[in-house]
Amino acid sequence: MRRGTTRGASVAAAAILLAAIAFVAPPAPAADSAPPLKPMMGVYLGRATVTDLDTRETEERDIDVEITPYDRDGFRIRWVNVTLVDGRRNVPGVKRRVNELTFKPAKGRGFFVEVPQRNVFAEREEVQAMGGDPVRWAVHDAAGLHVYSFLIQGDGRYELQTYSRRRTATGIDLHYERVVDGRLVRTIDGQAVRVE
Amino acid sequence: MRGKRRYLVSAIVLGVLVAGAAAAEPIAASLGRWAGPAAGSGAAVPGGAGRVELRVDGTAERFTITFSGPGGPLLAAELAAGKEKDVFGPPAASGLMSYLGRGSAVNPLEGKPLAWARREGELLVVYRLDLSGGAHRLDRLALAPAGARMGIDFERRAHDRPPERFTATLERGAR
């Protein structure tokens with residue numbers, strides 16, 4: 001009798017969970033009609049300030065951003081960061097970092113998903129978020145082009161990096177946030193002009 | 001600065017609740033039904049201020065959780081212990097997919113929400129990333145059970161809006 005009651009409770013719990021999963025509303029679409037991506041395409045050069053919110057330390061960096069078309073409706077973004085030493089880039093200690101990501105539209109879902117870079121040595125191509133693979137996507141709306149990079153760390157905490165680039169009359173404004181397990185730990189703010 | 005202070009207050013509330021009760025495994029200590037009023041402004045509570053409800057079923061190895069606010073379900077997940085200690089993920093599928101080691105792989109880019117959790121001392125934190133609607137929504141629910149009371153801290157991050165966050169102290173209901 002008691003076994004039956006326990007089983008009945010488990011079935012009820014499973015039914016409640018299924019119903020709850022079904023009724024957790026999906027997030028609202030990014031935009032009803034995304035603006036065309038073409039005006040964002042170009043090469044931009046500028047300067048940004050990095051702020052570590054734990055230490056309040058800041059550093060200046062030169063930024064070089066290139067947004068180019070990919071395939072039919074996708075885009076590729078390449079950016080070069082040069083971390084300056086006392087505002088200069090021609091002294092020892094200067095650091096240069098290059099990143100490149102490619103995105104294609106997610107079918108019928110109003111955003112872009114990362115196109116994995118080809119690696120002939122890779123065993124698998126499928127993104128395994130629980131295995132520590134970064135999950136990357138992008139949204140283009142009236143506020144700009146937003147690139148997200150999400151990662152689950154080995155201890156289960158998450159890391160979410162957001163790169164937002166907004167068009168201005170002369171180029172783009174850049175805003176970056178790094179959030180670790182709900183806590184904002186780093187920001188980058190800067191401006192860049194379109195290269196003629 | 002303000003965000004940091006809110007974090008500190010939440011950490012103190014959760015800490016006091018945890019310190020007030022004997023140390024217990026957080027999943028076992030969370031099992032059952034819980035309810036209470038959300039503390040926060042109306043804008044911080046998705047669906048508006050009001051009563052929140054929590055239900056946790058299962059074992060410390062595999063459990064389900066449903067969390068609802070005044071506007072309806074906020075977070076629901078089924079989770080199982082994974083390869084990493086104290087980290088829980090989607091349960092592995094059975095049959096051939098499980099044999100191939102691919103059963104538990106959930107890729108949120110393909111439109112299926114990904115839920116996972118971690119256990120840290122007396123704290124259980126459940127997460128959910130949903131990209132199904134065309135933009136992302138990332139939820140974080142921290143549970144700090146302490147006897148007949150439960151401290152919770154819920155945060156929702158979504159595209160193009162500031163984070164929503166509220167805390168609550170729930171009372172245990174009938175199992």
# chains A, B, ... in the order shown; residues from 1 in each chain; ligands from 1
call {"tool": "residues_around", "arguments": {"residues": "Val135 (chain A)", "least_positions_apart": "6", "cutoff": "10 Å", "atoms": "only C-alpha atoms", "output": "MDAnalysis selection string"}}
result
(chainID A and resid 113:114 127:129 148:152 160) or (chainID B and resid 107:109)
call {"tool": "write_last_selection", "arguments": {"atoms": "C-alpha atoms", "output": "PDB file, in the first residue's frame"}}
result
ATOM      1  CA  VAL A 113      24.902  30.672 -34.131  1.00  0.00           C
ATOM      2  CA  GLU A 114      28.633  30.156 -34.277  1.00  0.00           C
ATOM      3  CA  VAL A 127      28.968  21.588 -28.944  1.00  0.00           C
ATOM      4  CA  GLN A 128      28.983  19.907 -25.514  1.00  0.00           C
ATOM      5  CA  ALA A 129      28.147  22.673 -23.060  1.00  0.00           C
ATOM      6  CA  TYR A 148      27.597  36.145 -26.580  1.00  0.00           C
ATOM      7  CA  SER A 149      30.063  33.549 -25.365  1.00  0.00           C
ATOM      8  CA  PHE A 150      28.810  31.203 -22.657  1.00  0.00           C
ATOM      9  CA  LEU A 151      30.760  28.561 -20.758  1.00  0.00           C
ATOM     10  CA  ILE A 152      30.073  26.146 -17.897  1.00  0.00           C
ATOM     11  CA  LEU A 160      28.874  34.774 -19.839  1.00  0.00           C
TER      12      LEU A 160
ATOM     13  CA  ASN B 107      22.979  21.884 -27.110  1.00  0.00           C
ATOM     14  CA  PRO B 108      21.030  25.072 -26.316  1.00  0.00           C
ATOM     15  CA  LEU B 109      21.897  26.419 -29.778  1.00  0.00           C
TER      16      LEU B 109
END
call {"tool": "interface_residues", "arguments": {"of": "chain B", "to": "chain A", "cutoff": "6 Å", "atoms": "only C-alpha atoms", "output": "mmCIF file with N, CA and C atoms, in the first residue's frame"}}
result
data_model
loop_
_atom_site.group_PDB
_atom_site.id
_atom_site.type_symbol
_atom_site.label_atom_id
_atom_site.label_comp_id
_atom_site.auth_asym_id
_atom_site.auth_seq_id
_atom_site.Cartn_x
_atom_site.Cartn_y
_atom_site.Cartn_z
ATOM 1 N N PRO B 73 5.248 29.353 -13.976
ATOM 2 C CA PRO B 73 6.527 28.676 -13.781
ATOM 3 C C PRO B 73 7.716 29.550 -14.195
ATOM 4 N N LEU B 74 8.751 29.572 -13.377
ATOM 5 C CA LEU B 74 9.959 30.333 -13.686
ATOM 6 C C LEU B 74 11.100 29.412 -14.110
ATOM 7 N N ALA B 76 12.113 25.005 -14.344
ATOM 8 C CA ALA B 76 11.794 23.595 -14.105
ATOM 9 C C ALA B 76 12.893 22.759 -14.736
ATOM 10 N N VAL B 87 28.416 18.412 -9.565
ATOM 11 C CA VAL B 87 27.816 19.087 -10.724
ATOM 12 C C VAL B 87 26.772 18.155 -11.321
ATOM 13 N N ALA B 105 23.948 14.973 -23.962
ATOM 14 C CA ALA B 105 24.398 16.214 -24.587
ATOM 15 C C ALA B 105 23.200 17.056 -25.011
ATOM 16 N N ARG B 118 24.823 22.902 -9.418
ATOM 17 C CA ARG B 118 26.039 22.584 -8.665
ATOM 18 C C ARG B 118 25.727 22.642 -7.177
ATOM 19 N N GLY B 133 13.553 30.991 -27.783
ATOM 20 C CA GLY B 133 12.650 32.035 -28.268
ATOM 21 C C GLY B 133 13.270 33.030 -29.227
ATOM 22 N N GLY B 134 14.549 32.877 -29.561
ATOM 23 C CA GLY B 134 15.173 33.824 -30.471
ATOM 24 C C GLY B 134 16.126 34.767 -29.775
ATOM 25 N N ALA B 135 16.128 34.755 -28.463
ATOM 26 C CA ALA B 135 17.103 35.508 -27.677
ATOM 27 C C ALA B 135 17.334 34.690 -26.419
ATOM 28 N N ARG B 137 17.839 33.575 -22.401
ATOM 29 C CA ARG B 137 17.414 33.831 -21.033
ATOM 30 C C ARG B 137 18.199 32.878 -20.137
#
call {"tool": "select_by_dssp", "arguments": {"residues": "region 4-196 of chain A", "states": "helix (DSSP H, G or I)", "output": "list of chain:residue names"}}
result
A:Gly4, A:Thr5, A:Thr6, A:Arg7, A:Gly8, A:Ala9, A:Ser10, A:Val11, A:Ala12, A:Ala13, A:Ala14, A:Ala15, A:Ile16, A:Leu17, A:Leu18, A:Ala19, A:Ala20, A:Ile21, A:Ala22, A:Phe23, A:Lys38, A:Pro39, A:Met40, A:Ala129, A:Met130, A:Gly131
call {"tool": "write_last_selection", "arguments": {"atoms": "C-alpha atoms", "output": "compact mmCIF listing (two decimals), in the first residue's frame"}}
result
# COMPACT_ATOMS: atom_id res chain seq x y z
CA GLY A 4 1.85 2.27 -4.21
CA THR A 5 1.52 5.62 -2.50
CA THR A 6 5.22 6.38 -3.07
CA ARG A 7 4.96 5.38 -6.70
CA GLY A 8 1.88 7.53 -7.08
CA ALA A 9 3.73 10.49 -5.56
CA SER A 10 6.64 9.97 -7.99
CA VAL A 11 4.28 9.87 -10.95
CA ALA A 12 2.58 13.03 -9.71
CA ALA A 13 5.97 14.77 -9.29
CA ALA A 14 7.00 13.77 -12.82
CA ALA A 15 3.68 15.02 -14.20
CA ILE A 16 4.11 18.33 -12.38
CA LEU A 17 7.66 18.69 -13.74
CA LEU A 18 6.57 17.97 -17.30
CA ALA A 19 3.74 20.46 -17.00
CA ALA A 20 6.09 23.07 -15.51
CA ILE A 21 8.70 22.56 -18.24
CA ALA A 22 5.97 22.94 -20.83
CA PHE A 23 4.72 26.15 -19.24
CA LYS A 38 25.25 45.31 -44.13
CA PRO A 39 25.77 48.79 -42.57
CA MET A 40 27.72 47.15 -39.73
CA ALA A 129 28.15 22.67 -23.06
CA MET A 130 28.32 20.31 -20.06
CA GLY A 131 31.75 19.23 -21.25
call {"tool": "atom_distance", "arguments": {"atom1": "CA of Gly89 (chain B)", "atom2": "CA of Thr64 (chain B)"}}
result
11.2 Å
call {"tool": "atom_distance", "arguments": {"atom1": "CA of Asn81 (chain A)", "atom2": "CA of Ala142 (chain A)"}}
result
25.9 Å
call {"tool": "atom_distance", "arguments": {"atom1": "CA of His159 (chain B)", "atom2": "CA of Ser164 (chain A)"}}
result
10.9 Å
